[in-house]
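Participant: The structure follows.
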Amino acid sequence: MMQITLCPTCGSDTIRRVKRDWTGQWEGRTYTVPKLEFYECPACGEKVYEREAMRSIEARSPAFAKTHTGK
Ligand SMILES: [Zn+2]
């Protein structure tokens, strides 16, 4: 599992793992990923997603829906 202790954007060590409903937008459409776990930096607002979080987002995102119709 990836361990993030410093924010890749501002270098703050206050970045921490959070778990909450995540809302994204794609072409004006809003979609939500419930109880998504990701890292958030309170200093600059940067969000960092692990591979698993990315998969959850992609699974919910209309932008990636097409890629899941194949195998
Ligand atoms: Zn930061």
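Residues are referred to by chain and number: the chain letter is A, B, ... according to the order shown in the structure tokens, the number counts from 1 in that chain, and ligands are numbered separately from 1 in the order shown.
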Kindly assemble as a Markdown table a list of the chain A residues that lie within 10 Å of ligand 1, each paired with its nearest atom pair and their distance in Å to one decimal, using only C-alpha atoms and all ligand atoms, sorted first by chain and then by ascending residue number.
Facilitator:
| residue | atom | partner | partner_atom_place_in_ligand_line | distance |
| --- | --- | --- | --- | --- |
| A:Leu6 | CA | ligand 1 | 1 (Zn) | 7.8 |
| A:Cys7 | CA | ligand 1 | 1 (Zn) | 4.6 |
| A:Pro8 | CA | ligand 1 | 1 (Zn) | 6.7 |
| A:Thr9 | CA | ligand 1 | 1 (Zn) | 5.1 |
| A:Cys10 | CA | ligand 1 | 1 (Zn) | 4.1 |
| A:Gly11 | CA | ligand 1 | 1 (Zn) | 5.9 |
| A:Ser12 | CA | ligand 1 | 1 (Zn) | 5.3 |
| A:Asp13 | CA | ligand 1 | 1 (Zn) | 8.1 |
| A:Thr14 | CA | ligand 1 | 1 (Zn) | 7.8 |
| A:Ile15 | CA | ligand 1 | 1 (Zn) | 6.7 |
| A:Glu40 | CA | ligand 1 | 1 (Zn) | 7.9 |
| A:Cys41 | CA | ligand 1 | 1 (Zn) | 4.7 |
| A:Pro42 | CA | ligand 1 | 1 (Zn) | 6.7 |
| A:Ala43 | CA | ligand 1 | 1 (Zn) | 5.0 |
| A:Cys44 | CA | ligand 1 | 1 (Zn) | 4.2 |
| A:Gly45 | CA | ligand 1 | 1 (Zn) | 6.0 |
| A:Glu46 | CA | ligand 1 | 1 (Zn) | 5.3 |
| A:Lys47 | CA | ligand 1 | 1 (Zn) | 8.3 |
| A:Val48 | CA | ligand 1 | 1 (Zn) | 9.9 |
Participant: Next, write the just-selected residues to a file, as an mmCIF file, in the first residue's frame, keeping N, CA and C atoms as the atom set.
Facilitator:
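The resulting file, part01.cif, is reproduced below:
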data_model
loop_
_atom_site.group_PDB
_atom_site.id
_atom_site.type_symbol
_atom_site.label_atom_id
_atom_site.label_comp_id
_atom_site.auth_asym_id
_atom_site.auth_seq_id
_atom_site.Cartn_x
_atom_site.Cartn_y
_atom_site.Cartn_z
ATOM 1 N N LEU A 6 4.087 13.266 2.764
ATOM 2 C CA LEU A 6 4.297 14.652 2.365
ATOM 3 C C LEU A 6 3.444 14.970 1.140
ATOM 4 N N CYS A 7 2.847 16.135 1.143
ATOM 5 C CA CYS A 7 2.053 16.544 -0.002
ATOM 6 C C CYS A 7 2.958 16.752 -1.219
ATOM 7 N N PRO A 8 2.639 16.113 -2.322
ATOM 8 C CA PRO A 8 3.482 16.256 -3.512
ATOM 9 C C PRO A 8 3.432 17.664 -4.112
ATOM 10 N N THR A 9 2.438 18.438 -3.744
ATOM 11 C CA THR A 9 2.290 19.776 -4.316
ATOM 12 C C THR A 9 2.977 20.852 -3.475
ATOM 13 N N CYS A 10 2.716 20.841 -2.177
ATOM 14 C CA CYS A 10 3.251 21.921 -1.336
ATOM 15 C C CYS A 10 4.252 21.419 -0.293
ATOM 16 N N GLY A 11 4.402 20.105 -0.183
ATOM 17 C CA GLY A 11 5.399 19.570 0.740
ATOM 18 C C GLY A 11 4.957 19.525 2.191
ATOM 19 N N SER A 12 3.700 19.865 2.457
ATOM 20 C CA SER A 12 3.211 19.866 3.828
ATOM 21 C C SER A 12 3.075 18.439 4.359
ATOM 22 N N ASP A 13 3.387 18.259 5.640
ATOM 23 C CA ASP A 13 3.248 16.928 6.233
ATOM 24 C C ASP A 13 1.903 16.762 6.925
ATOM 25 N N THR A 14 0.989 17.690 6.656
ATOM 26 C CA THR A 14 -0.344 17.580 7.251
ATOM 27 C C THR A 14 -1.280 16.777 6.365
ATOM 28 N N ILE A 15 -0.799 16.348 5.197
ATOM 29 C CA ILE A 15 -1.648 15.551 4.305
ATOM 30 C C ILE A 15 -2.048 14.269 5.025
ATOM 31 N N GLU A 40 -5.804 13.807 1.405
ATOM 32 C CA GLU A 40 -6.137 15.206 1.188
ATOM 33 C C GLU A 40 -5.202 16.088 1.999
ATOM 34 N N CYS A 41 -4.702 17.131 1.357
ATOM 35 C CA CYS A 41 -3.815 18.071 2.035
ATOM 36 C C CYS A 41 -4.620 19.287 2.482
ATOM 37 N N PRO A 42 -4.743 19.510 3.793
ATOM 38 C CA PRO A 42 -5.503 20.669 4.281
ATOM 39 C C PRO A 42 -4.806 21.977 3.961
ATOM 40 N N ALA A 43 -3.501 21.927 3.711
ATOM 41 C CA ALA A 43 -2.736 23.163 3.463
ATOM 42 C C ALA A 43 -3.053 23.746 2.093
ATOM 43 N N CYS A 44 -3.114 22.892 1.069
ATOM 44 C CA CYS A 44 -3.297 23.426 -0.283
ATOM 45 C C CYS A 44 -4.495 22.815 -1.006
ATOM 46 N N GLY A 45 -5.133 21.836 -0.376
ATOM 47 C CA GLY A 45 -6.315 21.253 -0.995
ATOM 48 C C GLY A 45 -6.015 20.147 -1.992
ATOM 49 N N GLU A 46 -4.757 19.800 -2.136
ATOM 50 C CA GLU A 46 -4.378 18.739 -3.066
ATOM 51 C C GLU A 46 -4.988 17.396 -2.644
ATOM 52 N N LYS A 47 -5.435 16.642 -3.641
ATOM 53 C CA LYS A 47 -5.959 15.312 -3.373
ATOM 54 C C LYS A 47 -5.119 14.297 -4.131
ATOM 55 N N VAL A 48 -4.790 13.227 -3.445
ATOM 56 C CA VAL A 48 -3.973 12.179 -4.052
ATOM 57 C C VAL A 48 -4.739 10.869 -3.963
#
Participant: Residues near Ser56 in chain A, anyone? I mean within 12 Å using only C-alpha atoms, not counting same-chain ones fewer than 4 positions away, as a CSV table (one decimal) with N, CA and C atoms, in the first residue's frame.
Facilitator:
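selection11.csv, written as the output of this step:
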chain,number,residue,atom,x,y,z
A,21,ASP,N,-17.6,10.5,1.0
A,21,ASP,CA,-18.2,10.6,-0.3
A,21,ASP,C,-17.5,11.6,-1.2
A,22,TRP,N,-17.2,11.2,-2.4
A,22,TRP,CA,-16.4,12.0,-3.3
A,22,TRP,C,-17.2,12.4,-4.5
A,23,THR,N,-17.2,13.6,-4.8
A,23,THR,CA,-18.0,14.1,-6.0
A,23,THR,C,-17.1,14.6,-7.1
A,24,GLY,N,-17.3,14.1,-8.2
A,24,GLY,CA,-16.6,14.6,-9.4
A,24,GLY,C,-17.5,15.1,-10.5
A,31,TYR,N,-21.1,13.1,-10.6
A,31,TYR,CA,-21.2,11.8,-10.1
A,31,TYR,C,-20.5,11.6,-8.8
A,32,THR,N,-20.9,10.7,-8.0
A,32,THR,CA,-20.4,10.5,-6.7
A,32,THR,C,-19.9,9.1,-6.4
A,33,VAL,N,-18.8,9.1,-5.8
A,33,VAL,CA,-18.2,7.8,-5.3
A,33,VAL,C,-18.3,7.7,-3.8
A,34,PRO,N,-19.2,6.9,-3.3
A,34,PRO,CA,-19.4,6.8,-1.9
A,34,PRO,C,-18.3,6.2,-1.1
A,35,LYS,N,-18.0,6.8,0.0
A,35,LYS,CA,-16.9,6.3,0.9
A,35,LYS,C,-15.6,6.1,0.3
A,36,LEU,N,-15.2,7.0,-0.6
A,36,LEU,CA,-13.9,6.9,-1.2
A,36,LEU,C,-12.8,7.2,-0.3
A,37,GLU,N,-11.7,6.4,-0.3
A,37,GLU,CA,-10.5,6.7,0.5
A,37,GLU,C,-9.5,7.4,-0.4
A,38,PHE,N,-9.0,8.5,0.1
A,38,PHE,CA,-7.9,9.2,-0.6
A,38,PHE,C,-7.2,10.1,0.3
A,49,TYR,N,-4.8,10.2,-5.1
A,49,TYR,CA,-5.6,9.0,-5.2
A,49,TYR,C,-4.7,7.8,-5.4
A,50,GLU,N,-4.9,6.7,-4.6
A,50,GLU,CA,-4.2,5.5,-4.8
A,50,GLU,C,-4.9,4.8,-6.0
A,51,ARG,N,-4.2,3.7,-6.5
A,51,ARG,CA,-4.7,3.0,-7.6
A,51,ARG,C,-6.1,2.5,-7.4
A,52,GLU,N,-6.4,2.0,-6.2
A,52,GLU,CA,-7.7,1.5,-5.9
A,52,GLU,C,-8.7,2.6,-5.9
A,60,ARG,N,-17.2,4.7,-11.6
A,60,ARG,CA,-18.4,5.5,-11.5
A,60,ARG,C,-18.4,6.6,-12.5
A,61,SER,N,-17.3,6.9,-13.1
A,61,SER,CA,-17.3,8.1,-14.0
A,61,SER,C,-17.9,7.8,-15.4
A,64,PHE,N,-15.3,7.3,-18.3
A,64,PHE,CA,-14.7,6.0,-18.5
A,64,PHE,C,-15.7,4.9,-18.7
A,65,ALA,N,-16.9,5.2,-18.8
A,65,ALA,CA,-17.9,4.2,-19.0
A,65,ALA,C,-17.7,3.3,-20.2
Participant: DSSP on the backbone, strand (DSSP E or B) only: what residues of chain A does that give? Format it as a ChimeraX atom specification.
Facilitator: /A:16-26,29-40,47-48
Participant: CA of Arg20 in chain A and CA of Thr5 in chain A, how far apart in Å?
Facilitator: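 Between CA of Thr5 in chain A and CA of Arg20 in chain A the gap is 19.4 Å.
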Participant: With distances taken over only C-alpha atoms, which residue among A:Arg16, A:Ala63, A:Met54, A:Gln3 lies nearest Thr30 in chain A?
Facilitator: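 Closest to Thr30 in chain A of all the choices is A:Ala63.
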